[in-house]
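Next comes upload_18.cif, with mmCIF, C-alpha atoms.
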```cif
data_my_file
#
loop_
_atom_site.group_PDB
_atom_site.id
_atom_site.type_symbol
_atom_site.label_atom_id
_atom_site.label_comp_id
_atom_site.auth_asym_id
_atom_site.auth_seq_id
_atom_site.Cartn_x
_atom_site.Cartn_y
_atom_site.Cartn_z
ATOM 1 C CA MET A 1 96.020 159.993 83.825
ATOM 2 C CA ILE A 2 96.830 163.737 83.907
ATOM 3 C CA LEU A 3 94.769 166.417 85.626
ATOM 4 C CA ILE A 4 95.996 170.005 85.508
ATOM 5 C CA GLN A 5 93.924 172.494 87.489
ATOM 6 C CA ASP A 6 94.471 176.276 87.345
ATOM 7 C CA VAL A 7 98.206 175.762 86.871
ATOM 8 C CA SER A 8 100.549 178.724 86.473
ATOM 9 C CA LYS A 9 104.326 178.871 86.332
ATOM 10 C CA VAL A 10 105.877 182.241 87.110
ATOM 11 C CA TYR A 11 109.549 183.199 86.934
ATOM 12 C CA SER A 12 110.742 186.287 88.804
ATOM 13 C CA LEU A 13 113.029 188.386 86.613
ATOM 14 C CA GLU A 14 114.675 191.759 87.105
ATOM 15 C CA SER A 15 112.199 193.201 84.640
ATOM 16 C CA GLY A 16 109.268 191.694 86.567
ATOM 17 C CA ASP A 17 107.323 188.452 86.750
ATOM 18 C CA PHE A 18 107.230 186.296 83.615
ATOM 19 C CA TYR A 19 104.284 183.914 83.254
ATOM 20 C CA ALA A 20 105.470 180.811 81.397
ATOM 21 C CA LEU A 21 102.015 179.312 82.012
ATOM 22 C CA LYS A 22 98.811 181.103 83.024
ATOM 23 C CA ASN A 23 95.934 179.373 84.828
ATOM 24 C CA ASN A 24 95.689 176.344 82.558
ATOM 25 C CA ASN A 25 93.281 173.425 82.905
ATOM 26 C CA VAL A 26 93.785 170.137 81.067
ATOM 27 C CA HIS A 27 92.489 166.591 81.505
ATOM 28 C CA ILE A 28 94.334 163.860 79.587
ATOM 29 C CA LYS A 29 92.852 160.372 79.808
ATOM 30 C CA LYS A 30 94.769 157.113 80.028
ATOM 31 C CA GLY A 31 95.808 155.849 76.603
ATOM 32 C CA GLU A 32 95.607 159.174 74.775
ATOM 33 C CA PHE A 33 98.272 160.367 72.342
ATOM 34 C CA VAL A 34 98.440 164.156 72.653
ATOM 35 C CA ALA A 35 100.547 166.611 70.658
ATOM 36 C CA VAL A 36 101.332 169.961 72.283
ATOM 37 C CA MET A 37 102.142 172.729 69.820
ATOM 38 C CA GLY A 38 102.969 176.404 69.973
ATOM 39 C CA PRO A 39 105.628 178.941 68.967
ATOM 40 C CA SER A 40 109.005 179.079 70.672
ATOM 41 C CA GLY A 41 108.648 180.362 74.235
ATOM 42 C CA SER A 42 104.916 179.651 74.379
ATOM 43 C CA GLY A 43 105.193 177.404 77.438
ATOM 44 C CA LYS A 44 104.804 173.967 75.872
ATOM 45 C CA SER A 45 108.084 172.557 77.201
ATOM 46 C CA THR A 46 107.363 174.086 80.615
ATOM 47 C CA LEU A 47 104.060 172.212 80.646
ATOM 48 C CA LEU A 48 105.865 168.955 79.820
ATOM 49 C CA GLN A 49 108.383 169.521 82.637
ATOM 50 C CA LEU A 50 105.581 170.075 85.151
ATOM 51 C CA ILE A 51 103.765 166.911 84.056
ATOM 52 C CA GLY A 52 106.991 164.939 84.436
ATOM 53 C CA GLY A 53 107.763 166.300 87.896
ATOM 54 C CA LEU A 54 110.928 168.014 86.674
ATOM 55 C CA ASP A 55 109.604 171.310 88.013
ATOM 56 C CA GLN A 56 106.774 172.513 90.253
ATOM 57 C CA PRO A 57 103.967 174.933 89.426
ATOM 58 C CA THR A 58 103.847 178.324 91.110
ATOM 59 C CA SER A 59 100.118 177.811 91.685
ATOM 60 C CA GLY A 60 97.431 175.269 90.874
ATOM 61 C CA ASN A 61 97.360 171.486 91.185
ATOM 62 C CA MET A 62 99.117 168.773 89.162
ATOM 63 C CA THR A 63 97.891 165.167 89.445
ATOM 64 C CA VAL A 64 99.537 162.456 87.337
ATOM 65 C CA ASP A 65 98.609 158.773 87.526
ATOM 66 C CA GLY A 66 96.689 159.454 90.736
ATOM 67 C CA ILE A 67 99.628 161.183 92.427
ATOM 68 C CA ARG A 68 99.390 164.839 93.530
ATOM 69 C CA LEU A 69 102.768 166.167 92.445
ATOM 70 C CA ASN A 70 102.436 169.346 94.498
ATOM 71 C CA ASN A 71 102.692 167.341 97.716
ATOM 72 C CA LEU A 72 105.847 165.393 96.864
ATOM 73 C CA THR A 73 109.295 165.962 98.313
ATOM 74 C CA GLU A 74 112.245 166.155 95.925
ATOM 75 C CA LYS A 75 113.123 162.540 96.746
ATOM 76 C CA GLU A 76 109.556 161.420 96.076
ATOM 77 C CA ARG A 77 109.472 163.312 92.781
ATOM 78 C CA THR A 78 112.710 161.599 91.735
ATOM 79 C CA LEU A 79 111.138 158.208 92.482
ATOM 80 C CA PHE A 80 108.004 159.251 90.571
ATOM 81 C CA ARG A 81 110.053 160.146 87.491
ATOM 82 C CA ARG A 82 112.159 157.007 87.701
ATOM 83 C CA THR A 83 109.288 154.548 88.005
ATOM 84 C CA ARG A 84 106.211 156.078 86.368
ATOM 85 C CA VAL A 85 107.359 158.309 83.511
ATOM 86 C CA GLY A 86 109.479 157.691 80.439
ATOM 87 C CA PHE A 87 111.237 160.712 78.925
ATOM 88 C CA VAL A 88 112.293 161.079 75.278
ATOM 89 C CA PHE A 89 114.252 164.188 74.259
ATOM 90 C CA GLN A 90 115.202 165.836 70.978
ATOM 91 C CA ASN A 91 118.937 165.320 71.525
ATOM 92 C CA TYR A 92 118.517 161.733 72.799
ATOM 93 C CA GLN A 93 120.541 162.377 75.999
ATOM 94 C CA LEU A 94 122.342 159.045 75.819
ATOM 95 C CA LEU A 95 125.524 158.641 77.846
ATOM 96 C CA PRO A 96 128.345 158.386 75.263
ATOM 97 C CA MET A 97 130.650 156.269 77.414
ATOM 98 C CA MET A 98 127.983 153.590 77.905
ATOM 99 C CA THR A 99 126.890 150.926 75.448
ATOM 100 C CA VAL A 100 123.370 150.720 74.072
ATOM 101 C CA ALA A 101 122.487 148.022 76.601
ATOM 102 C CA GLU A 102 123.923 150.037 79.494
ATOM 103 C CA ASN A 103 121.983 153.141 78.453
ATOM 104 C CA ILE A 104 118.728 151.209 78.255
ATOM 105 C CA ALA A 105 119.373 149.576 81.627
ATOM 106 C CA LEU A 106 120.014 152.808 83.567
ATOM 107 C CA SER A 107 116.700 152.974 85.412
ATOM 108 C CA LEU A 108 116.639 149.210 85.950
ATOM 109 C CA SER A 109 120.069 149.362 87.575
ATOM 110 C CA ALA A 110 119.037 152.362 89.681
ATOM 111 C CA ASN A 111 116.084 150.352 90.973
ATOM 112 C CA LYS A 112 118.389 147.420 91.828
ATOM 113 C CA ALA A 113 116.949 144.900 89.369
ATOM 114 C CA SER A 114 118.892 141.649 89.129
ATOM 115 C CA LYS A 115 121.416 141.139 86.325
ATOM 116 C CA ALA A 116 119.272 138.365 84.872
ATOM 117 C CA ASP A 117 116.146 140.548 84.851
ATOM 118 C CA ILE A 118 118.067 143.470 83.346
ATOM 119 C CA HIS A 119 119.465 141.292 80.548
ATOM 120 C CA LYS A 120 116.036 139.839 79.769
ATOM 121 C CA ARG A 121 114.336 143.249 79.742
ATOM 122 C CA VAL A 122 117.055 144.891 77.615
ATOM 123 C CA GLN A 123 116.905 142.105 75.030
ATOM 124 C CA GLN A 124 113.126 142.423 74.798
ATOM 125 C CA LEU A 125 113.336 146.186 74.396
ATOM 126 C CA LEU A 126 115.996 145.896 71.690
ATOM 127 C CA LYS A 127 113.623 143.597 69.831
ATOM 128 C CA ASP A 128 110.703 145.989 70.345
ATOM 129 C CA VAL A 129 112.590 148.927 68.799
ATOM 130 C CA ASN A 130 114.251 146.867 66.042
ATOM 131 C CA LEU A 131 117.796 147.198 67.369
ATOM 132 C CA GLU A 132 118.655 143.552 67.996
ATOM 133 C CA GLY A 133 122.398 142.952 67.873
ATOM 134 C CA LYS A 134 123.269 146.575 68.697
ATOM 135 C CA GLU A 135 123.549 146.150 72.484
ATOM 136 C CA ASN A 136 127.352 146.384 72.608
ATOM 137 C CA GLN A 137 127.666 149.402 70.353
ATOM 138 C CA PHE A 138 128.115 152.960 71.598
ATOM 139 C CA PRO A 139 125.819 155.886 70.712
ATOM 140 C CA SER A 140 128.465 157.410 68.413
ATOM 141 C CA GLN A 141 128.298 154.268 66.264
ATOM 142 C CA LEU A 142 124.575 154.686 65.631
ATOM 143 C CA SER A 143 122.538 156.895 63.320
ATOM 144 C CA GLY A 144 120.290 159.602 64.763
ATOM 145 C CA GLY A 145 117.218 157.443 64.225
ATOM 146 C CA GLN A 146 118.860 154.505 65.976
ATOM 147 C CA GLN A 147 119.908 156.692 68.912
ATOM 148 C CA GLN A 148 116.338 157.886 69.321
ATOM 149 C CA ARG A 149 115.165 154.260 69.314
ATOM 150 C CA VAL A 150 117.627 153.575 72.124
ATOM 151 C CA ALA A 151 116.215 156.573 73.995
ATOM 152 C CA ILE A 152 112.684 155.202 73.565
ATOM 153 C CA ALA A 153 113.787 151.765 74.758
ATOM 154 C CA ARG A 154 115.369 153.409 77.822
ATOM 155 C CA ALA A 155 112.121 155.291 78.459
ATOM 156 C CA LEU A 156 110.219 151.988 78.355
ATOM 157 C CA ALA A 157 112.556 150.066 80.658
ATOM 158 C CA MET A 158 110.446 150.470 83.810
ATOM 159 C CA LYS A 159 107.186 149.851 81.917
ATOM 160 C CA PRO A 160 105.828 153.372 82.479
ATOM 161 C CA LYS A 161 102.198 154.265 81.891
ATOM 162 C CA LEU A 162 103.224 157.673 80.536
ATOM 163 C CA ILE A 163 105.805 158.819 77.965
ATOM 164 C CA LEU A 164 106.721 162.492 77.655
ATOM 165 C CA ALA A 165 108.444 163.305 74.367
ATOM 166 C CA ASP A 166 110.019 166.722 73.753
ATOM 167 C CA GLU A 167 110.535 167.253 69.996
ATOM 168 C CA PRO A 168 111.403 163.538 69.483
ATOM 169 C CA THR A 169 111.791 163.976 65.702
ATOM 170 C CA GLY A 170 113.454 167.402 65.808
ATOM 171 C CA ASN A 171 116.955 166.159 64.931
ATOM 172 C CA LEU A 172 115.875 163.485 62.454
ATOM 173 C CA ASP A 173 115.384 163.415 58.705
ATOM 174 C CA GLN A 174 111.907 162.790 57.320
ATOM 175 C CA LYS A 175 112.218 158.995 57.044
ATOM 176 C CA ASN A 176 113.675 158.475 60.520
ATOM 177 C CA GLY A 177 111.187 160.935 61.975
ATOM 178 C CA LYS A 178 108.327 158.990 60.408
ATOM 179 C CA ASP A 179 109.717 155.722 61.802
ATOM 180 C CA ILE A 180 109.905 157.167 65.324
ATOM 181 C CA LEU A 181 106.322 158.449 65.118
ATOM 182 C CA GLN A 182 105.149 155.036 63.934
ATOM 183 C CA LEU A 183 106.918 153.437 66.890
ATOM 184 C CA LEU A 184 105.292 155.855 69.344
ATOM 185 C CA SER A 185 101.890 155.254 67.755
ATOM 186 C CA LYS A 186 102.389 151.503 68.042
ATOM 187 C CA LEU A 187 103.270 151.795 71.730
ATOM 188 C CA ASN A 188 100.207 153.956 72.275
ATOM 189 C CA LYS A 189 97.804 151.625 70.492
ATOM 190 C CA GLU A 190 99.197 148.235 71.501
ATOM 191 C CA GLU A 191 100.456 148.986 75.016
ATOM 192 C CA GLN A 192 97.920 151.717 75.885
ATOM 193 C CA ILE A 193 100.781 153.975 76.971
ATOM 194 C CA THR A 194 99.704 157.593 77.347
ATOM 195 C CA ILE A 195 101.931 159.853 75.247
ATOM 196 C CA VAL A 196 102.288 163.626 75.500
ATOM 197 C CA MET A 197 104.522 164.962 72.743
ATOM 198 C CA VAL A 198 105.759 168.536 72.321
ATOM 199 C CA THR A 199 106.414 169.346 68.680
ATOM 200 C CA HIS A 200 106.563 172.282 66.282
ATOM 201 C CA ASP A 201 106.012 169.996 63.285
ATOM 202 C CA GLN A 202 102.460 169.738 61.925
ATOM 203 C CA GLN A 203 103.240 166.378 60.317
ATOM 204 C CA ALA A 204 104.481 164.996 63.628
ATOM 205 C CA ALA A 205 101.409 166.355 65.397
ATOM 206 C CA ALA A 206 99.233 164.518 62.875
ATOM 207 C CA ALA A 207 100.356 161.227 64.438
ATOM 208 C CA ALA A 208 98.506 162.171 67.638
ATOM 209 C CA GLU A 209 94.765 161.845 68.172
ATOM 210 C CA ARG A 210 94.536 165.147 70.018
ATOM 211 C CA MET A 211 96.280 168.488 69.630
ATOM 212 C CA ILE A 212 96.708 171.178 72.276
ATOM 213 C CA VAL A 213 97.982 174.595 71.185
ATOM 214 C CA ILE A 214 99.649 177.002 73.628
ATOM 215 C CA ARG A 215 100.349 180.681 73.011
ATOM 216 C CA ASP A 216 101.873 183.069 75.539
ATOM 217 C CA GLY A 217 101.455 180.549 78.342
ATOM 218 C CA GLU A 218 97.769 179.872 77.690
ATOM 219 C CA ILE A 219 96.004 176.951 76.056
ATOM 220 C CA VAL A 220 94.086 178.448 73.151
ATOM 221 C CA LYS A 221 93.011 175.289 71.352
ATOM 222 C CA ASP A 222 92.268 171.697 72.376
ATOM 223 C CA ARG A 223 91.051 169.538 69.522
ATOM 224 C CA ARG A 224 90.622 165.816 68.943
ATOM 225 C CA LYS A 225 91.229 164.326 65.512
ATOM 226 C CA GLY A 226 88.111 163.709 63.499
ATOM 227 C CA VAL A 227 85.810 165.666 65.808
ATOM 228 C CA VAL A 228 84.413 168.766 64.130
ATOM 229 C CA GLY A 229 84.076 171.814 66.339
ATOM 230 C CA ASN A 230 85.767 170.253 69.372
ATOM 231 C CA GLU A 231 87.892 173.231 70.310
ATOM 232 C CA SER A 232 88.075 174.585 73.847
ATOM 233 C CA MET A 233 89.550 177.841 74.993
ATOM 234 C CA ALA A 234 91.908 178.069 77.958
ATOM 235 C CA GLY A 235 90.147 177.554 81.258
ATOM 236 C CA SER A 236 87.993 174.591 80.250
ATOM 237 C CA LEU A 237 88.528 170.905 80.848
ATOM 238 C CA ALA A 238 88.842 168.653 77.822
#
```

Just dump the structure as structure tokens.
Amino acid sequence: MILIQDVSKVYSLESGDFYALKNNNVHIKKGEFVAVMGPSGSGKSTLLQLIGGLDQPTSGNMTVDGIRLNNLTEKERTLFRRTRVGFVFQNYQLLPMMTVAENIALSLSANKASKADIHKRVQQLLKDVNLEGKENQFPSQLSGGQQQRVAIARALAMKPKLILADEPTGNLDQKNGKDILQLLSKLNKEEQITIVMVTHDQQAAAAAERMIVIRDGEIVKDRRKGVVGNESMAGSLA
């Protein structure tokens, strides 16, 4: 699903070049649930942005779902994001002037789905995330946990094979955070959706079957749950 080969991301600053990522190699298989951890500024969110086609590496190759992201034009990368990847963010990023149903339907509308198909898909997604009857409410009328469920439903609208979640429980209390992790785990197990989740929370990371740790732009640990001694230093393929 995801193949990262010798990938670096360098930002040119007045003080000199800053390496957000340094020559990293990662192989994530279809259907894996991976947590990416590391201190603030370690490069974990940069890695997520590169996987999602939101940014391009300075060097190295990025292949996601069989598509070489390095070779795409901006228009092609936009289409890639819209149709193949679902994004879930810490602050939900729902449009406040739109209803729940309208927020969920954004990508469907952008891809010119029919009104009947949009209605059917939105209703199914509301059922999947336990928000039936909330379609005409606005984000401000929902709790944080409910807003994140809307964001997950929106991410699922185009039936992506990959979900990228950036601190999805960061703004939630313990109960709502646990509920969101259970929902992501269910999607991973039942729908075989590949999930890559950036988190600073050890309890959230425990929901994943694999943990990657980044420090100073380099992968320093890559470990699967329940496998003793399966740790790889930066530069090796998992």

The PyMOL selection byres ((chain A and resi 59-63) around 12) on the file shown: which residues, as a ChimeraX atom specification? /A:1-11,19-29,47-53,55-58,64-72,80

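In this structure, atom CA of Lys189 of chain A sits 15.2 Å away from atom CA of Ala35 of chain A.
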
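One distance worth recording is that between atom CA of Ala105 of chain A and atom CA of Gln123 of chain A, which is 10.3 Å.
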
Select, from A:Pro39, A:Val85, A:Phe18, A:Phe33, the residue with the minimum atom-to-atom distance to Ile214 of chain A, counting all atoms listed in the file.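 Looking only at the distances to Ile214 of chain A, the closest residue turns out to be A:Pro39.
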
With all atoms listed in the file as the basis for distance, which of A:Lys115, A:Asp179, A:Gln174, A:Thr99 is at the shortest distance from Asn130 of chain A?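 The shortest atom-to-atom distance to Asn130 of chain A comes from A:Asp179.
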
Name all residues at most 12 Å from Ser40 of chain A (count all atoms listed in the file; drop same-chain ones fewer than 6 positions away) and give them as an NGL selection string. :A and (20 or 46 or 167 or 198-200 or 213-217)

Measure the distance from atom CA of Leu156 of chain A to atom CA of His119 of chain A in Å and round it to one decimal.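 Between these atoms lies a distance of 14.3 Å.
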
Written as a PyMOL selection string, what is the full residue list that the PyMOL selection byres ((chain A and resi 208) around 8) yields on the file shown? chain A and resi 33-35+185+204-207+209-211+225

Show me the residues close to (118.7, 157.8, 61.4) - anything with an atom within 12 Å, counting only C-alpha atoms - and format the list as a PyMOL selection string. chain A and resi 139+141-150+169-180

Find the residues near Ala110 of chain A: any atom within 12 Å, counting all atoms listed in the file, skip ones fewer than 5 places away on the same chain, and give them as a list of chain:residue names.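 Listing them by chain and then by number gives A:Thr78, A:Leu79, A:Arg82, A:Thr83, A:Glu102, A:Asn103, A:Ile104, A:Ala105, A:Lys115, A:Ile118, A:Ala157, A:Met158.
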
Nearest residue to Val122 of chain A from the set A:Ile152, A:Gly16, A:Leu183, A:Leu95 (distances using all atoms listed in the file):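 With all atoms listed in the file as the atom set, the closest residue is A:Ile152.
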
Residue nearest Phe87 of chain A - candidates A:Leu108, A:Leu164, A:Ile212, A:Val129, atoms counted: all atoms listed in the file: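 Using all atoms listed in the file, the shortest distance to Phe87 of chain A belongs to A:Leu164.
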
Polymer residues at most 8 Å from Phe89 of chain A, all atoms listed in the file, same-chain spacing of 5 or more positions, as a CSV table (one decimal) with C-alpha atoms, in the coordinates of the input:
```csv
chain,number,residue,atom,x,y,z
A,151,ALA,CA,116.2,156.6,74.0
A,165,ALA,CA,108.4,163.3,74.4
A,166,ASP,CA,110.0,166.7,73.8
A,167,GLU,CA,110.5,167.3,70.0
A,168,PRO,CA,111.4,163.5,69.5
```

Which of A:Asp201, A:Asp222, A:Glu135, A:Asp17 sits closest to Met98 of chain A [using only C-alpha atoms]: A:Glu135

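Among A:Arg121, A:Ser114, A:Lys159, A:Val36, the residue with the shortest atom-to-atom distance to Leu187 of chain A, counting only C-alpha atoms, is A:Lys159.
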
If the PyMOL selection byres ((chain A and resi 161) around 6) is run on the structure shown, which residues does it catch, given as a PyMOL selection string? chain A and resi 160+162+193

Export of prior selection with C-alpha atoms as a PDB file, in the frame of the given file:
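Output contents, as saved in selection-v3.pdb:
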```pdb
ATOM      1  CA  PRO A 160     105.828 153.372  82.479  1.00  0.00           C
ATOM      2  CA  LEU A 162     103.224 157.673  80.536  1.00  0.00           C
ATOM      3  CA  ILE A 193     100.781 153.975  76.971  1.00  0.00           C
TER       4      ILE A 193
END
```
